[in-house]
$ cat target_28.cif   # mmCIF, C-alpha atoms and all ligand atoms
data_model
loop_
_atom_site.label_atom_id
_atom_site.label_comp_id
_atom_site.auth_asym_id
_atom_site.auth_seq_id
_atom_site.Cartn_x
_atom_site.Cartn_y
_atom_site.Cartn_z
CA MET A 1 1.76 23.60 8.27
CA GLN A 2 2.81 20.29 9.87
CA GLN A 3 0.36 18.84 12.40
CA SER A 4 1.95 18.11 15.75
CA SER A 5 0.07 14.96 16.81
CA GLU A 6 2.13 11.79 16.91
CA LEU A 7 1.33 9.33 14.16
CA PHE A 8 3.29 6.21 13.23
CA PHE A 9 3.39 4.26 9.97
CA ALA A 10 4.02 0.66 10.96
CA SER A 11 5.74 -1.44 8.32
CA SER A 12 8.73 -3.61 7.57
CA ASN A 13 8.99 -1.94 4.16
CA GLU A 14 10.93 1.34 4.07
CA HIS A 15 9.99 2.02 0.44
CA LYS A 16 6.34 2.09 1.40
CA PHE A 17 7.09 4.41 4.31
CA GLU A 18 9.16 6.83 2.22
CA GLU A 19 6.36 7.18 -0.32
CA ALA A 20 3.70 7.47 2.40
CA GLN A 21 5.67 10.13 4.25
CA ARG A 22 6.07 12.17 1.05
CA ILE A 23 2.35 11.89 0.20
CA LEU A 24 1.19 12.74 3.75
CA SER A 25 3.52 15.73 3.93
CA ASN A 26 1.53 17.29 1.06
CA PHE A 27 -1.39 17.40 3.50
CA GLY A 28 0.75 18.76 6.34
CA ILE A 29 0.57 15.43 8.16
CA SER A 30 3.79 14.29 9.73
CA VAL A 31 4.42 10.59 10.30
CA SER A 32 7.29 8.52 11.71
CA LEU A 33 8.31 5.00 10.78
CA PHE A 34 7.62 2.26 13.30
CA LYS A 35 9.71 -0.45 11.70
CA THR A 36 8.29 -3.80 12.63
CA THR A 37 7.08 -7.06 11.14
CA LEU A 38 3.33 -7.22 11.57
CA GLU A 39 1.10 -10.22 11.99
CA GLU A 40 -0.39 -11.08 8.56
CA ILE A 41 -3.28 -13.48 8.91
CA GLN A 42 -4.15 -15.78 6.01
CA SER A 43 -7.38 -14.46 4.57
CA ASN A 44 -8.92 -13.67 1.21
CA SER A 45 -10.11 -10.38 2.67
CA MET A 46 -7.53 -7.61 2.52
CA CYS A 47 -9.74 -5.57 4.88
CA GLU A 48 -9.53 -8.30 7.52
CA ILE A 49 -5.74 -8.55 7.06
CA ALA A 50 -5.38 -4.77 7.32
CA LYS A 51 -7.55 -4.56 10.45
CA ARG A 52 -5.49 -7.19 12.21
CA LYS A 53 -2.24 -5.52 11.13
CA ALA A 54 -3.46 -2.22 12.63
CA ILE A 55 -4.46 -3.83 15.93
CA ASP A 56 -1.13 -5.66 16.10
CA ALA A 57 0.78 -2.43 15.35
CA TYR A 58 -1.09 -0.51 18.04
CA SER A 59 -0.54 -3.23 20.62
CA LYS A 60 3.20 -3.03 19.96
CA LYS A 61 3.53 0.78 19.77
CA GLN A 62 0.72 2.05 22.04
CA LYS A 63 0.40 5.17 19.85
CA PRO A 64 -1.94 6.04 16.95
CA VAL A 65 -0.81 4.03 13.94
CA ILE A 66 -1.50 3.58 10.28
CA ILE A 67 -0.62 0.46 8.38
CA GLU A 68 -0.99 -0.35 4.71
CA ASP A 69 -1.83 -3.63 3.05
CA ASP A 70 -1.34 -3.93 -0.70
CA GLY A 71 -2.20 -6.51 -3.28
CA LEU A 72 -1.60 -6.99 -7.00
CA PHE A 73 -4.58 -8.74 -8.60
CA ILE A 74 -4.09 -10.22 -12.09
CA ASN A 75 -7.38 -10.87 -13.92
CA SER A 76 -6.29 -13.82 -16.07
CA LEU A 77 -4.91 -15.54 -12.94
CA GLU A 78 -8.25 -15.17 -11.09
CA GLY A 79 -6.84 -12.34 -8.98
CA PHE A 80 -3.58 -14.07 -8.02
CA PRO A 81 -1.40 -13.08 -6.14
CA GLY A 82 -3.92 -10.69 -4.43
CA PRO A 83 -3.69 -10.94 -0.63
CA TYR A 84 -0.62 -13.19 -1.03
CA SER A 85 1.38 -10.59 -2.98
CA SER A 86 4.11 -10.23 -0.38
CA TYR A 87 4.77 -13.98 -0.20
CA VAL A 88 4.64 -14.35 -3.99
CA TYR A 89 7.07 -11.47 -4.47
CA ASP A 90 9.50 -13.07 -2.01
CA THR A 91 9.23 -16.46 -3.71
CA ILE A 92 8.67 -16.38 -7.50
CA GLY A 93 9.12 -12.59 -7.80
CA ASN A 94 8.55 -10.51 -10.93
CA LYS A 95 10.26 -13.15 -13.09
CA GLY A 96 7.77 -15.75 -11.96
CA ILE A 97 4.79 -13.48 -12.67
CA ILE A 98 6.08 -12.66 -16.17
CA ARG A 99 6.59 -16.40 -16.79
CA LEU A 100 3.01 -17.17 -15.70
CA LEU A 101 1.75 -14.68 -18.31
CA GLU A 102 4.22 -15.74 -21.01
CA ASN A 103 1.72 -16.89 -23.61
CA THR A 104 -1.15 -14.54 -23.04
CA LYS A 105 -2.19 -11.10 -24.15
CA LEU A 106 -4.64 -10.92 -21.23
CA ARG A 107 -2.53 -8.74 -18.94
CA ASP A 108 -5.14 -6.67 -17.10
CA ALA A 109 -4.48 -6.24 -13.39
CA LYS A 110 -5.16 -3.88 -10.50
CA PHE A 111 -3.11 -2.67 -7.55
CA VAL A 112 -5.17 -2.39 -4.37
CA ALA A 113 -4.17 -0.54 -1.20
CA ILE A 114 -5.91 -0.54 2.15
CA ILE A 115 -4.83 2.00 4.74
CA ALA A 116 -5.93 1.19 8.28
CA TYR A 117 -5.82 3.71 11.13
CA TYR A 118 -6.16 2.72 14.79
CA ASN A 119 -5.85 4.84 17.90
CA GLY A 120 -6.68 2.13 20.43
CA VAL A 121 -10.05 3.73 21.25
CA ASP A 122 -12.28 4.01 18.20
CA ASP A 123 -12.92 1.23 15.69
CA VAL A 124 -10.21 0.61 13.10
CA LYS A 125 -10.87 2.95 10.17
CA LEU A 126 -10.17 1.69 6.62
CA PHE A 127 -9.44 3.60 3.39
CA GLU A 128 -9.27 1.72 0.09
CA SER A 129 -8.06 2.32 -3.42
CA SER A 130 -7.86 0.26 -6.56
CA ILE A 131 -5.79 1.30 -9.57
CA PRO A 132 -6.46 -0.52 -12.85
CA GLY A 133 -3.56 -1.30 -15.12
CA LYS A 134 -1.67 -4.12 -16.79
CA ILE A 135 1.40 -6.29 -16.40
CA SER A 136 4.26 -5.36 -18.73
CA SER A 137 5.75 -7.93 -21.07
CA ILE A 138 9.28 -7.30 -19.78
CA ILE A 139 10.70 -6.43 -16.37
CA GLU A 140 11.69 -2.76 -16.52
CA GLN A 141 14.67 -1.46 -14.57
CA GLY A 142 14.34 0.52 -11.36
CA GLY A 143 11.74 0.94 -8.64
CA TRP A 144 11.03 -1.67 -6.00
CA GLY A 145 8.62 -4.57 -5.47
CA TYR A 146 6.22 -4.91 -8.40
CA ASP A 147 7.08 -1.43 -9.73
CA PRO A 148 9.04 -2.89 -12.71
CA ILE A 149 5.99 -4.80 -14.05
CA PHE A 150 2.89 -2.68 -13.27
CA ILE A 151 1.65 -0.13 -15.84
CA PRO A 152 -1.30 1.98 -14.64
CA ASP A 153 -4.06 2.53 -17.23
CA GLY A 154 -3.46 5.53 -19.48
CA GLU A 155 0.34 5.28 -19.08
CA SER A 156 2.97 3.61 -21.24
CA LYS A 157 5.57 3.06 -18.52
CA THR A 158 5.64 0.94 -15.40
CA TYR A 159 5.63 2.52 -11.92
CA ALA A 160 9.41 1.94 -11.98
CA ASN A 161 9.88 4.48 -14.76
CA MET A 162 7.33 7.11 -13.87
CA PHE A 163 8.78 10.27 -12.38
CA ASP A 164 5.37 11.06 -10.88
CA LYS A 165 4.29 7.69 -9.47
CA ASP A 166 2.62 9.45 -6.52
CA LYS A 167 0.11 11.03 -8.89
CA PHE A 168 -1.17 7.61 -9.96
CA SER A 169 -0.36 5.18 -7.20
CA HIS A 170 -2.72 3.03 -5.15
CA ARG A 171 -0.90 4.32 -2.06
CA SER A 172 -1.53 7.93 -2.98
CA VAL A 173 -5.27 7.49 -3.59
CA ALA A 174 -5.84 5.62 -0.30
CA LEU A 175 -3.68 8.07 1.68
CA THR A 176 -5.52 11.04 0.18
CA LYS A 177 -8.80 9.59 1.49
CA PHE A 178 -7.18 8.99 4.87
CA SER A 179 -5.69 12.51 5.01
CA ASN A 180 -8.98 14.27 4.29
CA TRP A 181 -10.70 12.26 7.03
CA PHE A 182 -7.82 12.69 9.50
CA LEU A 183 -7.61 16.46 9.05
CA ASP A 184 -11.40 16.79 9.52
CA LYS A 185 -11.19 14.68 12.67
CA GLN A 186 -8.43 16.89 14.05
CA LYS A 187 -10.48 20.00 13.28
CA ASP A 188 -13.47 18.49 15.12
CA ASN A 189 -11.19 17.80 18.09
CA GLY A 190 -10.03 21.42 18.03
CA GLN A 191 -6.41 20.51 17.14
P1 LIG B 201 4.43 -4.48 5.51
O1 LIG B 201 5.46 -4.78 6.54
O2 LIG B 201 3.96 -3.06 5.55
O3 LIG B 201 3.28 -5.46 5.48
P2 LIG B 201 5.06 -5.62 2.86
O4 LIG B 201 6.14 -5.29 1.89
O5 LIG B 201 4.94 -7.02 3.36
O6 LIG B 201 5.21 -4.58 4.09
P3 LIG B 201 2.35 -5.70 1.68
O7 LIG B 201 2.07 -7.05 2.19
O8 LIG B 201 1.34 -4.65 1.92
O9 LIG B 201 3.72 -5.10 2.25
O10 LIG B 201 2.66 -5.63 0.13
C1 LIG B 201 2.40 -6.67 -0.77
C2 LIG B 201 3.48 -6.71 -1.82
O11 LIG B 201 3.25 -5.68 -2.77
C3 LIG B 201 4.90 -6.52 -1.29
O12 LIG B 201 5.76 -7.44 -1.94
C4 LIG B 201 5.25 -5.10 -1.68
O13 LIG B 201 6.63 -4.93 -1.95
C5 LIG B 201 4.43 -4.94 -2.96
N1 LIG B 201 4.06 -3.54 -3.17
C6 LIG B 201 3.20 -2.80 -2.44
N2 LIG B 201 3.14 -1.53 -2.90
C7 LIG B 201 3.97 -1.47 -3.95
C8 LIG B 201 4.36 -0.45 -4.84
O14 LIG B 201 3.91 0.80 -4.73
N3 LIG B 201 5.23 -0.74 -5.80
C9 LIG B 201 5.73 -1.97 -5.92
N4 LIG B 201 5.43 -3.00 -5.13
C10 LIG B 201 4.55 -2.76 -4.14
#
$ encode --input "target_28.cif" --output "structure tokens"
Amino acid sequence: MQQSSELFFASSNEHKFEEAQRILSNFGISVSLFKTTLEEIQSNSMCEIAKRKAIDAYSKKQKPVIIEDDGLFINSLEGFPGPYSSYVYDTIGNKGIIRLLENTKLRDAKFVAIIAYYNGVDDVKLFESSIPGKISSIIEQGGWGYDPIFIPDGESKTYANMFDKDKFSHRSVALTKFSNWFLDKQKDNGQ
């Protein structure tokens, strides 16, 4: 059963929203896109970035919001691009990442997601996930963002070629944590 309360997913990235909407619908949580470019502070802490994004989103929408901040951390590059993943994707892109790892077999990485929820009243609530994996040696076809180069542990294909990405994704794990908390909170509020 879909919950009736109004919840917005604030993002400039429609791919993220489409996946989030699909994942949340499995919990009966309905969400609408609030398409906007959010303030992204420069910080090494994804939690700090996510908190500020949530506060910015709420101040623009004046409704309960969730935002998501993601980062791809590559071990042999000391965690680069990490909190700067969006900028790095828009500049050197997947080609640049593959080039940086050209002569190494050390391809371990992790995809981190932070979901932040803010209703303008309570403190910002954070939900984290971290999915270990590796960077492929070639750029696979399909998907979006870093999908064509990220292979989650235990799989042989990148996110781009998995028909069940939601089962493994950083987004899915963080949103599952959020959903369980959100549904409990609604129950407590008698909704
Ligand atoms: P927002 O407006 O929501 O901030 P964004 O695309 O800037 O959208 P992030 O900063 O959270 O989002 O994401 C960091 C980068 O990681 C960005 O380039 C995304 O495209 C990429 N990314 C995040 N999740 C991904 C996924 O599931 N598959 C592929 N790339 C992903």
$ residues_around --input "target_28.cif" --residues "Asp166 (chain A)" --least-positions-apart "6" --cutoff "9 Å" --atoms "only C-alpha atoms" --output "list in words"
Glu19, Arg22, Ile23, Ser172 and Val173 of chain A
$ residues_near_ligand --input "target_28.cif" --ligand "ligand LIG 201 (chain B)" --cutoff "9 Å" --atoms "only C-alpha atoms and all ligand atoms" --output "CSV table (one decimal) with C-alpha atoms, in the coordinates of the input"
chain,number,residue,atom,x,y,z
A,9,PHE,CA,3.4,4.3,10.0
A,10,ALA,CA,4.0,0.7,11.0
A,11,SER,CA,5.7,-1.4,8.3
A,12,SER,CA,8.7,-3.6,7.6
A,13,ASN,CA,9.0,-1.9,4.2
A,14,GLU,CA,10.9,1.3,4.1
A,15,HIS,CA,10.0,2.0,0.4
A,16,LYS,CA,6.3,2.1,1.4
A,17,PHE,CA,7.1,4.4,4.3
A,19,GLU,CA,6.4,7.2,-0.3
A,35,LYS,CA,9.7,-0.4,11.7
A,36,THR,CA,8.3,-3.8,12.6
A,37,THR,CA,7.1,-7.1,11.1
A,38,LEU,CA,3.3,-7.2,11.6
A,39,GLU,CA,1.1,-10.2,12.0
A,40,GLU,CA,-0.4,-11.1,8.6
A,50,ALA,CA,-5.4,-4.8,7.3
A,53,LYS,CA,-2.2,-5.5,11.1
A,67,ILE,CA,-0.6,0.5,8.4
A,68,GLU,CA,-1.0,-0.4,4.7
A,69,ASP,CA,-1.8,-3.6,3.0
A,70,ASP,CA,-1.3,-3.9,-0.7
A,71,GLY,CA,-2.2,-6.5,-3.3
A,72,LEU,CA,-1.6,-7.0,-7.0
A,82,GLY,CA,-3.9,-10.7,-4.4
A,83,PRO,CA,-3.7,-10.9,-0.6
A,84,TYR,CA,-0.6,-13.2,-1.0
A,85,SER,CA,1.4,-10.6,-3.0
A,86,SER,CA,4.1,-10.2,-0.4
A,87,TYR,CA,4.8,-14.0,-0.2
A,88,VAL,CA,4.6,-14.4,-4.0
A,89,TYR,CA,7.1,-11.5,-4.5
A,90,ASP,CA,9.5,-13.1,-2.0
A,93,GLY,CA,9.1,-12.6,-7.8
A,111,PHE,CA,-3.1,-2.7,-7.6
A,112,VAL,CA,-5.2,-2.4,-4.4
A,113,ALA,CA,-4.2,-0.5,-1.2
A,114,ILE,CA,-5.9,-0.5,2.2
A,143,GLY,CA,11.7,0.9,-8.6
A,144,TRP,CA,11.0,-1.7,-6.0
A,145,GLY,CA,8.6,-4.6,-5.5
A,146,TYR,CA,6.2,-4.9,-8.4
A,147,ASP,CA,7.1,-1.4,-9.7
A,148,PRO,CA,9.0,-2.9,-12.7
A,149,ILE,CA,6.0,-4.8,-14.0
A,150,PHE,CA,2.9,-2.7,-13.3
A,159,TYR,CA,5.6,2.5,-11.9
A,160,ALA,CA,9.4,1.9,-12.0
A,165,LYS,CA,4.3,7.7,-9.5
A,166,ASP,CA,2.6,9.4,-6.5
A,169,SER,CA,-0.4,5.2,-7.2
A,170,HIS,CA,-2.7,3.0,-5.2
A,171,ARG,CA,-0.9,4.3,-2.1
$ residues_around --input "target_28.cif" --residues "region 99-104 of chain A" --least-positions-apart "3" --cutoff "10 Å" --atoms "all atoms listed in the file" --output "VMD selection string"
chain A and resid 74 76 to 77 92 94 to 96 107 135 to 138
$ residues_around --input "target_28.cif" --residues "Phe178 (chain A)" --least-positions-apart "4" --cutoff "8 Å" --atoms "only C-alpha atoms" --output "PyMOL selection string"
chain A and resi 115+127+174+182
$ atom_distance --input "target_28.cif" --atom1 "CA of Ser25 (chain A)" --atom2 "CA of Phe8 (chain A)"
13.3 Å
$ atom_distance --input "target_28.cif" --atom1 "CA of Asn44 (chain A)" --atom2 "CA of Tyr58 (chain A)"
22.8 Å
$ build_atoms --input "target_28.cif" --residues "region 38-49 of chain A" --atoms "all heavy atoms" --output "PDB file, keeping the file's coordinate frame"
ATOM      1  N   LEU A  38       4.677  -7.095  11.021  1.00  0.00           N
ATOM      2  CA  LEU A  38       3.330  -7.220  11.570  1.00  0.00           C
ATOM      3  C   LEU A  38       2.740  -8.587  11.294  1.00  0.00           C
ATOM      4  O   LEU A  38       3.069  -9.232  10.296  1.00  0.00           O
ATOM      5  CB  LEU A  38       2.434  -6.133  10.966  1.00  0.00           C
ATOM      6  CG  LEU A  38       2.851  -4.711  11.322  1.00  0.00           C
ATOM      7  CD1 LEU A  38       2.113  -3.702  10.460  1.00  0.00           C
ATOM      8  CD2 LEU A  38       2.597  -4.435  12.797  1.00  0.00           C
ATOM      9  N   GLU A  39       1.808  -8.953  12.173  1.00  0.00           N
ATOM     10  CA  GLU A  39       1.100 -10.220  11.990  1.00  0.00           C
ATOM     11  C   GLU A  39       0.248 -10.131  10.727  1.00  0.00           C
ATOM     12  O   GLU A  39      -0.555  -9.203  10.587  1.00  0.00           O
ATOM     13  CB  GLU A  39       0.181 -10.428  13.205  1.00  0.00           C
ATOM     14  CG  GLU A  39      -0.618 -11.689  13.142  1.00  0.00           C
ATOM     15  CD  GLU A  39      -1.760 -11.714  14.165  1.00  0.00           C
ATOM     16  OE1 GLU A  39      -2.264 -10.640  14.550  1.00  0.00           O
ATOM     17  OE2 GLU A  39      -2.138 -12.808  14.545  1.00  0.00           O
ATOM     18  N   GLU A  40       0.461 -11.054   9.768  1.00  0.00           N
ATOM     19  CA  GLU A  40      -0.390 -11.080   8.560  1.00  0.00           C
ATOM     20  C   GLU A  40      -1.170 -12.361   8.557  1.00  0.00           C
ATOM     21  O   GLU A  40      -0.619 -13.423   8.291  1.00  0.00           O
ATOM     22  CB  GLU A  40       0.459 -10.945   7.291  1.00  0.00           C
ATOM     23  CG  GLU A  40       0.649  -9.498   6.930  1.00  0.00           C
ATOM     24  CD  GLU A  40       0.933  -9.206   5.452  1.00  0.00           C
ATOM     25  OE1 GLU A  40       0.316  -9.804   4.564  1.00  0.00           O
ATOM     26  OE2 GLU A  40       1.772  -8.328   5.227  1.00  0.00           O
ATOM     27  N   ILE A  41      -2.473 -12.263   8.878  1.00  0.00           N
ATOM     28  CA  ILE A  41      -3.280 -13.480   8.910  1.00  0.00           C
ATOM     29  C   ILE A  41      -3.515 -13.964   7.483  1.00  0.00           C
ATOM     30  O   ILE A  41      -3.440 -13.179   6.533  1.00  0.00           O
ATOM     31  CB  ILE A  41      -4.644 -13.232   9.605  1.00  0.00           C
ATOM     32  CG1 ILE A  41      -5.410 -12.088   8.932  1.00  0.00           C
ATOM     33  CG2 ILE A  41      -4.442 -12.963  11.091  1.00  0.00           C
ATOM     34  CD1 ILE A  41      -6.887 -12.071   9.267  1.00  0.00           C
ATOM     35  N   GLN A  42      -3.801 -15.252   7.332  1.00  0.00           N
ATOM     36  CA  GLN A  42      -4.150 -15.780   6.010  1.00  0.00           C
ATOM     37  C   GLN A  42      -5.623 -15.551   5.815  1.00  0.00           C
ATOM     38  O   GLN A  42      -6.442 -16.047   6.589  1.00  0.00           O
ATOM     39  CB  GLN A  42      -3.866 -17.279   5.990  1.00  0.00           C
ATOM     40  CG  GLN A  42      -2.397 -17.582   5.912  1.00  0.00           C
ATOM     41  CD  GLN A  42      -2.110 -18.592   4.808  1.00  0.00           C
ATOM     42  OE1 GLN A  42      -2.997 -19.293   4.359  1.00  0.00           O
ATOM     43  NE2 GLN A  42      -0.869 -18.662   4.398  1.00  0.00           N
ATOM     44  N   SER A  43      -5.967 -14.747   4.820  1.00  0.00           N
ATOM     45  CA  SER A  43      -7.380 -14.460   4.570  1.00  0.00           C
ATOM     46  C   SER A  43      -7.504 -13.979   3.141  1.00  0.00           C
ATOM     47  O   SER A  43      -6.563 -13.425   2.578  1.00  0.00           O
ATOM     48  CB  SER A  43      -7.836 -13.363   5.530  1.00  0.00           C
ATOM     49  OG  SER A  43      -9.096 -12.864   5.138  1.00  0.00           O
ATOM     50  N   ASN A  44      -8.691 -14.214   2.549  1.00  0.00           N
ATOM     51  CA  ASN A  44      -8.920 -13.670   1.210  1.00  0.00           C
ATOM     52  C   ASN A  44      -9.390 -12.236   1.280  1.00  0.00           C
ATOM     53  O   ASN A  44      -9.555 -11.586   0.264  1.00  0.00           O
ATOM     54  CB  ASN A  44      -9.960 -14.516   0.458  1.00  0.00           C
ATOM     55  CG  ASN A  44      -9.379 -15.859   0.099  1.00  0.00           C
ATOM     56  OD1 ASN A  44      -8.159 -15.980  -0.091  1.00  0.00           O
ATOM     57  ND2 ASN A  44     -10.215 -16.878   0.033  1.00  0.00           N
ATOM     58  N   SER A  45      -9.629 -11.750   2.506  1.00  0.00           N
ATOM     59  CA  SER A  45     -10.110 -10.380   2.670  1.00  0.00           C
ATOM     60  C   SER A  45      -8.968  -9.463   3.093  1.00  0.00           C
ATOM     61  O   SER A  45      -8.446  -9.556   4.208  1.00  0.00           O
ATOM     62  CB  SER A  45     -11.234 -10.348   3.713  1.00  0.00           C
ATOM     63  OG  SER A  45     -11.384  -9.031   4.204  1.00  0.00           O
ATOM     64  N   MET A  46      -8.615  -8.555   2.176  1.00  0.00           N
ATOM     65  CA  MET A  46      -7.530  -7.610   2.520  1.00  0.00           C
ATOM     66  C   MET A  46      -7.957  -6.712   3.681  1.00  0.00           C
ATOM     67  O   MET A  46      -7.123  -6.269   4.461  1.00  0.00           O
ATOM     68  CB  MET A  46      -7.149  -6.780   1.308  1.00  0.00           C
ATOM     69  CG  MET A  46      -6.315  -7.581   0.307  1.00  0.00           C
ATOM     70  SD  MET A  46      -5.772  -6.563  -1.056  1.00  0.00           S
ATOM     71  CE  MET A  46      -4.785  -5.330  -0.243  1.00  0.00           C
ATOM     72  N   CYS A  47      -9.267  -6.427   3.774  1.00  0.00           N
ATOM     73  CA  CYS A  47      -9.740  -5.570   4.880  1.00  0.00           C
ATOM     74  C   CYS A  47      -9.491  -6.252   6.216  1.00  0.00           C
ATOM     75  O   CYS A  47      -9.044  -5.611   7.179  1.00  0.00           O
ATOM     76  CB  CYS A  47     -11.223  -5.243   4.707  1.00  0.00           C
ATOM     77  SG  CYS A  47     -11.513  -4.095   3.362  1.00  0.00           S
ATOM     78  N   GLU A  48      -9.772  -7.547   6.276  1.00  0.00           N
ATOM     79  CA  GLU A  48      -9.530  -8.300   7.520  1.00  0.00           C
ATOM     80  C   GLU A  48      -8.030  -8.297   7.861  1.00  0.00           C
ATOM     81  O   GLU A  48      -7.639  -8.100   9.012  1.00  0.00           O
ATOM     82  CB  GLU A  48      -9.988  -9.757   7.345  1.00  0.00           C
ATOM     83  CG  GLU A  48     -11.340 -10.095   7.931  1.00  0.00           C
ATOM     84  CD  GLU A  48     -11.711  -9.338   9.198  1.00  0.00           C
ATOM     85  OE1 GLU A  48     -11.034  -9.535  10.228  1.00  0.00           O
ATOM     86  OE2 GLU A  48     -12.660  -8.543   9.158  1.00  0.00           O
ATOM     87  N   ILE A  49      -7.195  -8.533   6.849  1.00  0.00           N
ATOM     88  CA  ILE A  49      -5.740  -8.550   7.060  1.00  0.00           C
ATOM     89  C   ILE A  49      -5.289  -7.190   7.584  1.00  0.00           C
ATOM     90  O   ILE A  49      -4.534  -7.088   8.563  1.00  0.00           O
ATOM     91  CB  ILE A  49      -4.991  -8.888   5.737  1.00  0.00           C
ATOM     92  CG1 ILE A  49      -5.360 -10.292   5.246  1.00  0.00           C
ATOM     93  CG2 ILE A  49      -3.476  -8.755   5.922  1.00  0.00           C
ATOM     94  CD1 ILE A  49      -4.851 -10.635   3.848  1.00  0.00           C
TER      95      ILE A  49
END
